[in-house]
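For reference, work-v7.txt is printed below; it contains compact mmCIF, C-alpha atoms.
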```txt
# COMPACT_ATOMS: atom_id res chain seq x y z
CA MET A 1305 -143.68 68.83 153.62
CA PRO A 1306 -142.04 66.09 151.51
CA GLU A 1307 -138.81 64.67 152.85
CA SER A 1308 -135.74 65.69 150.90
CA SER A 1309 -133.90 62.89 149.16
CA THR A 1310 -130.66 64.02 150.83
CA GLY A 1311 -132.17 63.39 154.18
CA THR A 1312 -131.50 65.63 157.11
CA ALA A 1313 -132.72 69.05 156.02
CA GLY A 1314 -134.98 70.83 158.49
CA PRO A 1315 -137.03 73.97 157.81
CA GLY A 1316 -134.99 76.58 155.96
CA ARG A 1317 -131.92 74.40 155.68
CA PRO A 1318 -130.40 73.72 152.27
CA ARG A 1319 -131.46 70.32 151.00
CA ASP A 1320 -128.86 69.76 148.32
CA ALA A 1321 -125.23 70.34 149.14
CA GLU A 1322 -124.20 70.60 145.48
CA VAL A 1323 -126.75 73.32 144.65
CA ASP A 1324 -125.66 75.09 147.79
CA ARG A 1325 -122.00 74.89 146.87
CA LYS A 1326 -122.60 76.18 143.34
CA ALA A 1327 -124.67 79.11 144.61
CA LEU A 1328 -122.07 80.14 147.20
CA GLN A 1329 -119.26 79.87 144.65
CA ALA A 1330 -121.16 81.95 142.06
CA ALA A 1331 -122.10 84.48 144.73
CA ILE A 1332 -118.53 85.12 145.79
CA GLU A 1333 -117.31 85.40 142.19
CA LEU A 1334 -120.05 87.86 141.27
CA TYR A 1335 -119.55 89.86 144.42
CA ALA A 1336 -115.83 90.15 143.68
CA GLU A 1337 -116.50 91.27 140.11
CA LEU A 1338 -119.51 93.54 140.58
CA GLY A 1339 -119.59 94.61 144.19
CA TRP A 1340 -122.68 95.03 146.30
CA ALA A 1341 -124.42 97.69 144.21
CA LYS A 1342 -125.01 95.37 141.27
CA PHE A 1343 -125.17 92.04 143.06
CA THR A 1344 -128.51 90.25 142.43
CA LEU A 1345 -129.94 86.83 143.26
CA ASP A 1346 -130.95 86.43 139.60
CA ALA A 1347 -127.37 86.92 138.44
CA VAL A 1348 -126.21 84.33 140.95
CA ALA A 1349 -128.76 81.83 139.61
CA ARG A 1350 -127.53 82.45 136.04
CA ARG A 1351 -123.85 82.14 136.97
CA ALA A 1352 -124.43 79.01 139.03
CA GLY A 1353 -126.60 77.44 136.34
CA ILE A 1354 -129.39 76.71 138.80
CA GLY A 1355 -133.00 77.85 138.95
CA LYS A 1356 -133.99 81.15 140.50
CA ALA A 1357 -136.52 79.33 142.67
CA ALA A 1358 -133.76 77.26 144.24
CA ILE A 1359 -131.88 80.45 145.13
CA TYR A 1360 -134.90 82.29 146.50
CA ARG A 1361 -135.95 79.25 148.53
CA ARG A 1362 -132.58 79.28 150.27
CA TRP A 1363 -131.87 83.01 150.57
CA ALA A 1364 -134.71 85.45 151.01
CA ALA A 1365 -132.44 88.47 150.57
CA ARG A 1366 -129.18 89.12 148.74
CA ASP A 1367 -127.33 90.29 151.84
CA ARG A 1368 -127.88 86.87 153.44
CA LEU A 1369 -126.39 85.15 150.40
CA VAL A 1370 -123.32 87.42 150.32
CA SER A 1371 -122.88 86.92 154.03
CA ASP A 1372 -123.13 83.11 153.78
CA ALA A 1373 -120.77 83.01 150.80
CA MET A 1374 -118.19 85.15 152.62
CA LYS A 1375 -118.38 83.09 155.75
CA ALA A 1376 -117.97 79.88 153.76
CA ALA A 1377 -115.01 81.27 151.81
CA LEU A 1378 -113.23 83.40 154.38
CA LEU A 1379 -113.95 81.99 157.81
CA LEU A 1380 -113.36 78.28 157.25
CA PRO A 1381 -111.11 76.50 157.87
CA GLU A 1382 -109.74 78.47 160.80
CA ALA A 1383 -106.19 77.27 160.65
CA VAL A 1384 -104.52 77.63 164.01
CA ILE A 1385 -100.91 78.70 163.62
CA ASP A 1386 -98.74 77.45 166.47
CA THR A 1387 -95.39 76.11 165.29
CA GLY A 1388 -93.35 76.73 168.44
CA THR A 1389 -91.25 79.68 167.25
CA LEU A 1390 -92.11 83.27 166.40
CA ARG A 1391 -90.29 83.11 163.05
CA GLU A 1392 -92.18 80.02 161.90
CA ASP A 1393 -95.49 81.41 163.14
CA LEU A 1394 -94.97 84.68 161.26
CA ARG A 1395 -93.89 82.79 158.15
CA ALA A 1396 -97.02 80.61 158.29
CA LEU A 1397 -99.20 83.68 158.77
CA ALA A 1398 -97.49 85.41 155.84
CA ARG A 1399 -97.90 82.32 153.65
CA SER A 1400 -101.60 81.91 154.40
CA THR A 1401 -102.18 85.64 153.89
CA MET A 1402 -100.35 85.58 150.55
CA ASP A 1403 -102.30 82.50 149.45
CA HIS A 1404 -105.54 84.26 150.36
CA TYR A 1405 -104.73 87.43 148.39
CA LEU A 1406 -103.52 85.43 145.38
CA GLY A 1407 -106.45 83.00 145.57
CA PRO A 1408 -109.98 83.17 144.22
CA TYR A 1409 -111.42 84.86 147.33
CA GLY A 1410 -108.82 87.55 147.89
CA LEU A 1411 -110.62 90.08 145.72
CA ALA A 1412 -113.98 89.36 147.37
CA GLY A 1413 -112.49 89.77 150.85
CA LEU A 1414 -110.84 93.04 149.94
CA ARG A 1415 -114.02 94.38 148.37
CA LEU A 1416 -115.90 93.42 151.51
CA HIS A 1417 -113.61 95.56 153.66
CA VAL A 1418 -113.98 98.49 151.25
CA GLU A 1419 -117.77 98.15 151.16
CA ALA A 1420 -118.03 97.68 154.91
CA ARG A 1421 -116.95 101.30 155.16
CA ALA A 1422 -119.45 102.50 152.54
CA HIS A 1423 -122.28 100.31 153.96
CA PRO A 1424 -121.51 99.69 157.63
CA THR A 1425 -124.99 98.50 158.55
CA LEU A 1426 -124.93 95.84 155.84
CA PHE A 1427 -121.36 94.57 156.04
CA GLY A 1428 -119.91 95.98 159.22
CA GLU A 1429 -120.59 92.93 161.33
CA LEU A 1430 -119.42 90.45 158.72
CA ALA A 1431 -116.19 92.37 158.09
CA ALA A 1432 -115.66 92.67 161.84
CA GLY A 1433 -116.10 88.92 162.27
CA ILE A 1434 -113.49 88.15 159.63
CA ARG A 1435 -111.12 90.73 161.12
CA ARG A 1436 -111.64 89.33 164.61
CA THR A 1437 -110.46 85.85 163.56
CA ARG A 1438 -107.30 87.35 162.10
CA VAL A 1439 -106.62 89.64 165.03
CA LEU A 1440 -107.14 86.90 167.60
CA GLU A 1441 -104.77 84.63 165.70
CA ALA A 1442 -102.10 87.33 165.51
CA ARG A 1443 -102.49 88.21 169.18
CA ALA A 1444 -102.06 84.56 170.12
CA ILE A 1445 -98.85 84.36 168.06
CA ILE A 1446 -97.40 87.42 169.84
CA ARG A 1447 -98.63 86.28 173.28
CA ARG A 1448 -96.90 82.92 172.90
CA ALA A 1449 -93.70 84.60 171.66
CA ILE A 1450 -93.70 86.77 174.79
CA ALA A 1451 -94.30 83.71 176.97
CA ARG A 1452 -91.35 81.91 175.33
CA GLY A 1453 -89.12 84.94 175.93
CA GLU A 1454 -88.77 85.75 172.24
CA LEU A 1455 -90.30 89.22 172.58
CA GLY A 1456 -90.67 91.75 175.37
CA GLU A 1457 -94.00 92.11 177.13
CA GLN A 1458 -94.80 95.42 175.47
CA ALA A 1459 -94.79 93.90 171.96
CA SER A 1460 -97.63 95.35 169.86
CA PRO A 1461 -99.56 92.72 167.91
CA SER A 1462 -101.22 95.40 165.80
CA LEU A 1463 -97.98 96.93 164.51
CA ILE A 1464 -96.51 93.51 163.69
CA LEU A 1465 -99.73 92.31 162.06
CA ASP A 1466 -100.30 95.54 160.12
CA THR A 1467 -96.84 95.54 158.56
CA LEU A 1468 -96.89 91.81 157.74
CA VAL A 1469 -100.46 91.43 156.45
CA GLY A 1470 -100.70 94.97 155.06
CA GLY A 1471 -97.30 94.63 153.42
CA LEU A 1472 -98.48 91.54 151.56
CA LEU A 1473 -101.74 93.26 150.62
CA ASN A 1474 -99.89 96.26 149.24
CA HIS A 1475 -97.50 93.99 147.38
CA VAL A 1476 -100.37 92.19 145.63
CA LEU A 1477 -102.41 95.35 145.00
CA ALA A 1478 -99.42 97.30 143.69
CA THR A 1479 -98.42 94.68 141.15
CA PRO A 1480 -99.70 95.54 137.67
CA GLU A 1481 -101.84 92.87 136.02
CA GLU A 1482 -99.15 91.94 133.48
CA LEU A 1483 -96.63 91.22 136.26
CA ARG A 1484 -98.96 89.02 138.30
CA PRO A 1485 -97.62 85.70 136.95
CA GLU A 1486 -94.08 86.71 137.88
CA MET A 1487 -95.17 88.01 141.30
CA THR A 1488 -97.07 84.78 141.94
CA ALA A 1489 -94.07 82.68 140.92
CA GLN A 1490 -91.82 84.62 143.31
CA SER A 1491 -94.30 84.73 146.17
CA ALA A 1492 -92.41 82.18 148.31
CA ARG A 1493 -89.33 84.40 148.22
CA TYR A 1494 -91.36 87.47 149.11
CA VAL A 1495 -92.98 85.62 152.03
CA GLU A 1496 -89.46 84.85 153.34
CA ASP A 1497 -88.27 88.41 152.87
CA ILE A 1498 -91.20 90.11 154.55
CA THR A 1499 -91.12 87.61 157.43
CA THR A 1500 -87.46 88.42 158.08
CA PHE A 1501 -88.10 92.15 157.72
CA VAL A 1502 -90.98 92.23 160.22
CA LEU A 1503 -89.30 89.80 162.64
CA THR A 1504 -86.13 91.91 162.65
CA ALA A 1505 -88.03 95.05 163.57
CA ALA A 1506 -90.15 93.25 166.17
CA VAL A 1507 -87.17 91.77 168.02
CA ALA A 1508 -85.17 95.02 167.85
CA ILE A 1509 -88.04 97.22 169.06
CA TYR A 1510 -89.56 94.81 171.59
CA PRO A 1511 -86.47 92.99 172.87
CA PRO A 1512 -87.03 90.14 175.29
CA PRO A 1513 -86.02 90.77 178.89
CA CYS A 1514 -82.30 90.17 179.52
CA PRO A 1515 -81.60 86.91 181.34
CA SER A 1516 -80.63 87.66 184.93
CA PRO A 1517 -76.82 87.74 185.34
CA GLY A 1518 -74.97 84.72 186.68
CA MET B 128 -120.11 127.68 118.81
CA PRO B 129 -120.73 130.54 121.25
CA GLU B 130 -117.78 131.68 123.30
CA SER B 131 -117.90 130.63 126.92
CA SER B 132 -118.15 133.44 129.44
CA THR B 133 -115.16 132.01 131.31
CA GLY B 134 -113.01 132.48 128.28
CA THR B 135 -110.39 130.00 127.32
CA ALA B 136 -112.27 126.76 126.72
CA GLY B 137 -111.49 124.95 123.49
CA PRO B 138 -113.46 122.05 122.03
CA GLY B 139 -114.33 119.49 124.65
CA ARG B 140 -112.82 121.46 127.49
CA PRO B 141 -114.96 122.29 130.52
CA ARG B 142 -116.17 125.84 130.35
CA ASP B 143 -117.17 126.47 133.94
CA ALA B 144 -114.71 125.57 136.65
CA GLU B 145 -117.35 125.48 139.39
CA VAL B 146 -119.62 123.02 137.54
CA ASP B 147 -116.54 120.98 136.79
CA ARG B 148 -115.44 120.92 140.41
CA LYS B 149 -118.92 119.89 141.64
CA ALA B 150 -119.15 117.10 139.07
CA LEU B 151 -115.72 115.68 139.90
CA GLN B 152 -116.44 115.86 143.63
CA ALA B 153 -119.82 114.11 143.23
CA ALA B 154 -118.25 111.52 140.94
CA ILE B 155 -115.60 110.51 143.42
CA GLU B 156 -118.09 110.32 146.28
CA LEU B 157 -120.50 108.17 144.28
CA TYR B 158 -117.75 105.95 142.99
CA ALA B 159 -116.52 105.37 146.55
CA GLU B 160 -120.05 104.52 147.75
CA LEU B 161 -121.37 102.50 144.81
CA GLY B 162 -118.41 101.24 142.85
CA TRP B 163 -118.21 101.01 139.11
CA ALA B 164 -121.13 98.63 138.53
CA LYS B 165 -123.73 101.16 139.65
CA PHE B 166 -121.96 104.39 138.77
CA THR B 167 -124.02 106.51 136.34
CA LEU B 168 -123.72 109.98 134.86
CA ASP B 169 -127.32 110.68 135.90
CA ALA B 170 -126.54 109.94 139.53
CA VAL B 171 -123.55 112.26 139.37
CA ALA B 172 -125.76 115.06 137.98
CA ARG B 173 -128.25 114.56 140.83
CA ARG B 174 -125.56 114.45 143.53
CA ALA B 175 -123.79 117.51 142.13
CA GLY B 176 -127.05 119.41 141.73
CA ILE B 177 -126.29 120.24 138.12
CA GLY B 178 -128.10 119.44 134.89
CA LYS B 179 -127.59 116.15 133.09
CA ALA B 180 -126.86 118.06 129.90
CA ALA B 181 -123.90 119.77 131.56
CA ILE B 182 -122.49 116.39 132.54
CA TYR B 183 -123.02 114.74 129.17
CA ARG B 184 -121.55 117.76 127.38
CA ARG B 185 -118.33 117.30 129.38
CA TRP B 186 -118.06 113.53 129.63
CA ALA B 187 -119.39 111.35 126.87
CA ALA B 188 -118.89 108.16 128.89
CA ARG B 189 -118.86 107.33 132.59
CA ASP B 190 -115.37 105.83 132.53
CA ARG B 191 -113.96 109.19 131.40
CA LEU B 192 -115.63 110.94 134.32
CA VAL B 193 -114.37 108.41 136.88
CA SER B 194 -110.92 108.66 135.39
CA ASP B 195 -110.90 112.49 135.48
CA ALA B 196 -112.23 112.53 139.03
CA MET B 197 -109.58 110.06 140.21
CA LYS B 198 -106.79 111.97 138.54
CA ALA B 199 -107.98 115.23 140.09
CA ALA B 200 -108.29 113.68 143.54
CA LEU B 201 -105.40 111.25 143.65
CA LEU B 202 -102.69 112.50 141.32
CA LEU B 203 -102.50 116.16 142.32
CA PRO B 204 -100.64 117.69 143.99
CA GLU B 205 -97.61 115.46 143.56
CA ALA B 206 -95.84 116.33 146.77
CA VAL B 207 -92.14 115.65 146.49
CA ILE B 208 -90.77 114.27 149.75
CA ASP B 209 -87.10 115.16 150.22
CA THR B 210 -86.29 116.23 153.76
CA GLY B 211 -82.63 115.27 153.86
CA THR B 212 -82.87 112.20 156.13
CA LEU B 213 -84.37 108.75 155.63
CA ARG B 214 -86.29 108.92 158.91
CA GLU B 215 -87.96 112.23 158.03
CA ASP B 216 -88.69 111.11 154.49
CA LEU B 217 -90.35 107.90 155.72
CA ARG B 218 -92.30 109.85 158.34
CA ALA B 219 -93.54 112.30 155.70
CA LEU B 220 -94.54 109.42 153.42
CA ALA B 221 -96.35 107.71 156.30
CA ARG B 222 -98.13 110.94 157.25
CA SER B 223 -99.31 111.66 153.70
CA THR B 224 -100.41 108.02 153.26
CA MET B 225 -102.35 108.09 156.54
CA ASP B 226 -103.98 111.40 155.59
CA HIS B 227 -105.00 109.91 152.26
CA TYR B 228 -106.58 106.79 153.79
CA LEU B 229 -108.37 108.83 156.46
CA GLY B 230 -109.45 111.52 154.01
CA PRO B 231 -112.41 111.76 151.65
CA TYR B 232 -110.64 110.04 148.74
CA GLY B 233 -109.11 107.09 150.55
CA LEU B 234 -112.11 104.87 149.96
CA ALA B 235 -112.33 105.79 146.28
CA GLY B 236 -108.65 105.06 145.77
CA LEU B 237 -108.90 101.71 147.46
CA ARG B 238 -111.97 100.77 145.48
CA LEU B 239 -110.15 101.70 142.30
CA HIS B 240 -107.35 99.25 143.06
CA VAL B 241 -109.89 96.50 143.81
CA GLU B 242 -111.84 97.20 140.64
CA ALA B 243 -108.71 97.50 138.51
CA ARG B 244 -108.30 93.78 139.10
CA ALA B 245 -111.92 92.96 138.23
CA HIS B 246 -111.93 95.32 135.21
CA PRO B 247 -108.34 95.69 134.02
CA THR B 248 -109.19 97.14 130.62
CA LEU B 249 -111.23 99.93 132.21
CA PHE B 250 -109.13 100.84 135.22
CA GLY B 251 -105.80 99.13 134.79
CA GLU B 252 -104.04 102.10 133.28
CA LEU B 253 -105.45 104.60 135.75
CA ALA B 254 -104.53 102.44 138.74
CA ALA B 255 -101.09 101.87 137.27
CA GLY B 256 -100.59 105.61 136.87
CA ILE B 257 -101.44 106.27 140.50
CA ARG B 258 -99.20 103.42 141.62
CA ARG B 259 -96.35 104.67 139.47
CA THR B 260 -96.34 108.07 141.20
CA ARG B 261 -96.14 106.35 144.58
CA VAL B 262 -93.49 103.86 143.55
CA LEU B 263 -91.29 106.49 141.93
CA GLU B 264 -91.50 108.64 145.05
CA ALA B 265 -90.57 105.70 147.29
CA ARG B 266 -87.68 104.68 145.04
CA ALA B 267 -86.34 108.22 145.10
CA ILE B 268 -86.46 108.20 148.92
CA ILE B 269 -84.48 104.96 149.09
CA ARG B 270 -82.05 106.02 146.35
CA ARG B 271 -81.19 109.21 148.20
CA ALA B 272 -80.79 107.30 151.49
CA ILE B 273 -78.29 104.98 149.77
CA ALA B 274 -76.45 107.97 148.31
CA ARG B 275 -76.18 109.58 151.76
CA GLY B 276 -74.82 106.32 153.21
CA GLU B 277 -77.90 105.66 155.37
CA LEU B 278 -78.72 102.33 153.68
CA GLY B 279 -76.75 99.70 151.79
CA GLU B 280 -76.95 99.57 148.02
CA GLN B 281 -79.10 96.45 148.01
CA ALA B 282 -81.96 98.15 149.91
CA SER B 283 -85.34 97.09 148.48
CA PRO B 284 -87.73 99.98 147.95
CA SER B 285 -90.66 97.59 147.48
CA LEU B 286 -90.26 95.83 150.84
CA ILE B 287 -89.90 99.15 152.71
CA LEU B 288 -92.80 100.72 150.83
CA ASP B 289 -95.07 97.67 151.17
CA THR B 290 -94.65 97.45 154.94
CA LEU B 291 -95.02 101.19 155.51
CA VAL B 292 -97.88 101.97 153.12
CA GLY B 293 -99.55 98.56 153.44
CA GLY B 294 -99.21 98.65 157.21
CA LEU B 295 -101.10 101.94 157.31
CA LEU B 296 -103.71 100.59 154.91
CA ASN B 297 -104.26 97.50 157.03
CA HIS B 298 -104.43 99.64 160.16
CA VAL B 299 -107.21 101.80 158.69
CA LEU B 300 -109.07 98.87 157.08
CA ALA B 301 -108.88 96.72 160.20
CA THR B 302 -110.30 99.37 162.51
CA PRO B 303 -114.00 98.82 163.15
CA GLU B 304 -116.24 101.77 162.30
CA GLU B 305 -116.98 102.57 165.96
CA LEU B 306 -113.26 102.91 166.76
CA ARG B 307 -112.49 105.21 163.83
CA PRO B 308 -112.65 108.46 165.85
CA GLU B 309 -110.14 107.06 168.36
CA MET B 310 -107.89 105.68 165.61
CA THR B 311 -108.00 109.05 163.82
CA ALA B 312 -107.16 110.90 167.04
CA GLN B 313 -104.15 108.64 167.63
CA SER B 314 -102.96 108.59 164.03
CA ALA B 315 -99.94 110.84 164.70
CA ARG B 316 -98.67 108.36 167.26
CA TYR B 317 -99.21 105.44 164.90
CA VAL B 318 -97.35 107.27 162.12
CA GLU B 319 -94.39 107.65 164.49
CA ASP B 320 -94.51 104.02 165.58
CA ILE B 321 -94.72 102.51 162.11
CA THR B 322 -91.98 104.83 160.83
CA THR B 323 -89.65 103.66 163.60
CA PHE B 324 -90.63 100.02 163.03
CA VAL B 325 -89.95 100.08 159.28
CA LEU B 326 -86.80 102.21 159.61
CA THR B 327 -85.38 99.80 162.21
CA ALA B 328 -85.85 96.81 159.93
CA ALA B 329 -84.53 98.66 156.89
CA VAL B 330 -81.30 99.76 158.57
CA ALA B 331 -80.74 96.33 160.19
CA ILE B 332 -81.36 94.37 157.00
CA TYR B 333 -79.73 96.77 154.54
CA PRO B 334 -76.89 98.22 156.63
CA PRO B 335 -74.82 100.97 155.04
CA PRO B 336 -71.27 100.03 154.07
CA CYS B 337 -68.77 100.27 156.92
CA PRO B 338 -66.55 103.33 156.72
CA SER B 339 -63.05 102.30 155.66
CA PRO B 340 -60.75 101.86 158.67
CA GLY B 341 -58.34 104.59 159.74
```

Please render this file's structure as structure tokens.
Amino acid sequence: MPESSTGTAGPGRPRDAEVDRKALQAAIELYAELGWAKFTLDAVARRAGIGKAAIYRRWAARDRLVSDAMKAALLLPEAVIDTGTLREDLRALARSTMDHYLGPYGLAGLRLHVEARAHPTLFGELAAGIRRTRVLEARAIIRRAIARGELGEQASPSLILDTLVGGLLNHVLATPEELRPEMTAQSARYVEDITTFVLTAAVAIYPPPCPSPG
Amino acid sequence: MPESSTGTAGPGRPRDAEVDRKALQAAIELYAELGWAKFTLDAVARRAGIGKAAIYRRWAARDRLVSDAMKAALLLPEAVIDTGTLREDLRALARSTMDHYLGPYGLAGLRLHVEARAHPTLFGELAAGIRRTRVLEARAIIRRAIARGELGEQASPSLILDTLVGGLLNHVLATPEELRPEMTAQSARYVEDITTFVLTAAVAIYPPPCPSPG
């Protein structure tokens, strides 16, 4: 086998980072637009402006390409949120969630979760992996808040996460197309408002233990 | 044109309620599973077990069939929530939202909102219509709560609705397939918890005006 000019590729590994990047980018765009049912390797080659052979050499099946594209877009970088206070942690989580839903991969991620329910064998594991990252991050935020005495021990990460992340999702989904520019422009304000809203409920419902008297 | 045996049909109107019902049911199932890209009138005829001619006679184009099926499944009946208290109204809204996401049309509705962003000219109006019903209902709930003195005048329907409805959506979407039976069994408890959570924040952040002294 001839050595690749870019050097380090072993068997089955992509040998040209730029071709790889274009293919993954085209794959996630097409998946967002078309969904799984109409997603094809040929369409990805056309969109990416690269040869079919290059695609087929890298990905033997379309589910592998969707999976790689999702992992590249949605799993990295795993930002670790740990600012030192619950309010700042929740605000950072809200901001990154809002950026994701407003960004180029928000639609693909949402479609993935919808299609994971229609095709659990194909996408179940991938969707679960993306969820897991989120859930672990949220649990860590709540665990540290409990440790700092900002929340009581019974605080439910799922209720806090669902209202914060789901609230942002609903906000983006419920905004008609013609109001998207305005919603995007005011997103910083909304991130503040929903952070305060969720934090207020969390502290009221899961109050920290009272300091011992004296 | 021969008179239909079921009587009242005018031009273009379905002439057999049972064929109609089967077609709309099959359409919404297929749309939920496949999405728009692979949705065809032929597949609907096969799934419904009725002739292609019957489908094509009723719906000249597939977007009309998806639209009719969505309206039948998602717009009716328009339950009016008006229990007399904010807590009970929010609980009823949470319960009906949870039932929708857990029910047979939840996936179709969610896919519609995803695809309305990818294909705004096709689905934008339909998605907006479904949203409008929801938003008007939520605004009415908040308006009545303000009028009864349960919330301050500045109360934001969108923040309350986003956290309640979006929180339930995230809860259902974030539950792995194998935990769905358990999540469904505990849904009444979750409806209670999220209602209390959102109500607590709403009352704390938008307090009603103080009664005048004396």

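Proximity to Ala331 of chain B was assessed for B:Ala315, B:Leu192, B:Leu278, B:Leu253 counting all atoms listed in the file; the smallest distance is recorded for B:Leu278.
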
task: Kindly indicate which residue among A:Ala1398, A:Ala1331, A:Val1384, A:Ala1349 lies nearest to Val1370 of chain A, using only C-alpha atoms for the distances.
output: A:Ala1331

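Comparing A:Ala1376, A:Cys1514, A:Leu1426, A:Ile1446 by their smallest distance to Lys1326 of chain A, the closest is A:Ala1376 (using only C-alpha atoms).
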
task: Please provide as a list in words all residues within 9 Å of Ala1373 of chain A, with the sequence filter that same-chain residues fewer than 6 positions apart are discarded (counting only C-alpha atoms).
output: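 After dropping sequence-adjacent residues, the list is Ala1327, Leu1328, Gln1329, Ala1330, Ala1331 and Ile1332 of chain A.
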
query: Restricting the calculation to all atoms listed in the file, which member of B:Val318, B:Ala219, B:Val262, B:Ala328 is positioned closest to chain A?
result: B:Ala328

Distance limit 7 Å, atoms considered: all atoms listed in the file. Which chain B residues sit that close to chain A? Return them as a PDB file with C-alpha atoms, keeping the file's coordinate frame.
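Writing done, so here's out_29.pdb:
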```
ATOM      1  CA  GLU B 160    -120.050 104.520 147.750  1.00  0.00           C
ATOM      2  CA  LEU B 161    -121.370 102.500 144.810  1.00  0.00           C
ATOM      3  CA  GLY B 162    -118.410 101.240 142.850  1.00  0.00           C
ATOM      4  CA  ALA B 164    -121.130  98.630 138.530  1.00  0.00           C
ATOM      5  CA  LYS B 165    -123.730 101.160 139.650  1.00  0.00           C
ATOM      6  CA  LEU B 234    -112.110 104.870 149.960  1.00  0.00           C
ATOM      7  CA  ARG B 238    -111.970 100.770 145.480  1.00  0.00           C
ATOM      8  CA  HIS B 240    -107.350  99.250 143.060  1.00  0.00           C
ATOM      9  CA  VAL B 241    -109.890  96.500 143.810  1.00  0.00           C
ATOM     10  CA  ALA B 245    -111.920  92.960 138.230  1.00  0.00           C
ATOM     11  CA  ALA B 255    -101.090 101.870 137.270  1.00  0.00           C
ATOM     12  CA  ARG B 258     -99.200 103.420 141.620  1.00  0.00           C
ATOM     13  CA  LEU B 286     -90.260  95.830 150.840  1.00  0.00           C
ATOM     14  CA  ASP B 289     -95.070  97.670 151.170  1.00  0.00           C
ATOM     15  CA  THR B 290     -94.650  97.450 154.940  1.00  0.00           C
ATOM     16  CA  LEU B 291     -95.020 101.190 155.510  1.00  0.00           C
ATOM     17  CA  GLY B 293     -99.550  98.560 153.440  1.00  0.00           C
ATOM     18  CA  GLY B 294     -99.210  98.650 157.210  1.00  0.00           C
ATOM     19  CA  LEU B 296    -103.710 100.590 154.910  1.00  0.00           C
ATOM     20  CA  ASN B 297    -104.260  97.500 157.030  1.00  0.00           C
ATOM     21  CA  HIS B 298    -104.430  99.640 160.160  1.00  0.00           C
ATOM     22  CA  LEU B 300    -109.070  98.870 157.080  1.00  0.00           C
ATOM     23  CA  ALA B 301    -108.880  96.720 160.200  1.00  0.00           C
ATOM     24  CA  PRO B 303    -114.000  98.820 163.150  1.00  0.00           C
ATOM     25  CA  ILE B 321     -94.720 102.510 162.110  1.00  0.00           C
ATOM     26  CA  PHE B 324     -90.630 100.020 163.030  1.00  0.00           C
ATOM     27  CA  VAL B 325     -89.950 100.080 159.280  1.00  0.00           C
ATOM     28  CA  THR B 327     -85.380  99.800 162.210  1.00  0.00           C
ATOM     29  CA  ALA B 328     -85.850  96.810 159.930  1.00  0.00           C
TER      30      ALA B 328
END
```

statement: In Å and to one decimal, atom CA of Asp143 of chain B is distant from atom CA of Asp169 of chain B by 18.9 Å

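Atom to atom, atom CA of Ala1449 of chain A and atom CA of Arg1395 of chain A stand 13.6 Å apart.
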
- prompt: What is the distance between atom CA of Ala1357 of chain A and atom CA of Lys1375 of chain A, in Å to one decimal?
  reply: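 Atom CA of Ala1357 of chain A sits 22.7 Å away from atom CA of Lys1375 of chain A.
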
query: Which of these, A:Leu1483, A:Thr1387, A:Asp1393, A:Asp1324, has the shortest distance to Trp1363 of chain A once you count only C-alpha atoms?
result: A:Asp1324

Reconstructed N, CA and C atoms for segment 243-253 of chain B, given as a PDB file, in the frame of the given file:
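The resulting file, part_36.pdb, is shown below:
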```
ATOM      1  N   ALA B 243    -109.687  97.626 139.598  1.00  0.00           N
ATOM      2  CA  ALA B 243    -108.710  97.500 138.510  1.00  0.00           C
ATOM      3  C   ALA B 243    -108.415  96.028 138.249  1.00  0.00           C
ATOM      4  N   ARG B 244    -108.542  95.205 139.304  1.00  0.00           N
ATOM      5  CA  ARG B 244    -108.300  93.780 139.100  1.00  0.00           C
ATOM      6  C   ARG B 244    -109.518  93.100 138.473  1.00  0.00           C
ATOM      7  N   ALA B 245    -110.720  93.554 138.820  1.00  0.00           N
ATOM      8  CA  ALA B 245    -111.920  92.960 138.230  1.00  0.00           C
ATOM      9  C   ALA B 245    -112.142  93.483 136.804  1.00  0.00           C
ATOM     10  N   HIS B 246    -111.724  94.705 136.530  1.00  0.00           N
ATOM     11  CA  HIS B 246    -111.930  95.320 135.210  1.00  0.00           C
ATOM     12  C   HIS B 246    -110.635  95.953 134.722  1.00  0.00           C
ATOM     13  N   PRO B 247    -109.644  95.126 134.386  1.00  0.00           N
ATOM     14  CA  PRO B 247    -108.340  95.690 134.020  1.00  0.00           C
ATOM     15  C   PRO B 247    -108.361  96.592 132.803  1.00  0.00           C
ATOM     16  N   THR B 248    -109.217  96.299 131.822  1.00  0.00           N
ATOM     17  CA  THR B 248    -109.190  97.140 130.620  1.00  0.00           C
ATOM     18  C   THR B 248    -109.719  98.542 130.917  1.00  0.00           C
ATOM     19  N   LEU B 249    -110.659  98.626 131.868  1.00  0.00           N
ATOM     20  CA  LEU B 249    -111.230  99.930 132.210  1.00  0.00           C
ATOM     21  C   LEU B 249    -110.310 100.747 133.099  1.00  0.00           C
ATOM     22  N   PHE B 250    -109.803 100.087 134.170  1.00  0.00           N
ATOM     23  CA  PHE B 250    -109.130 100.840 135.220  1.00  0.00           C
ATOM     24  C   PHE B 250    -107.664 100.528 135.374  1.00  0.00           C
ATOM     25  N   GLY B 251    -107.177  99.557 134.605  1.00  0.00           N
ATOM     26  CA  GLY B 251    -105.800  99.130 134.790  1.00  0.00           C
ATOM     27  C   GLY B 251    -104.810 100.260 134.631  1.00  0.00           C
ATOM     28  N   GLU B 252    -105.004 101.052 133.577  1.00  0.00           N
ATOM     29  CA  GLU B 252    -104.040 102.100 133.280  1.00  0.00           C
ATOM     30  C   GLU B 252    -104.079 103.204 134.334  1.00  0.00           C
ATOM     31  N   LEU B 253    -105.294 103.553 134.738  1.00  0.00           N
ATOM     32  CA  LEU B 253    -105.450 104.600 135.750  1.00  0.00           C
ATOM     33  C   LEU B 253    -104.813 104.165 137.076  1.00  0.00           C
TER      34      LEU B 253
END
```
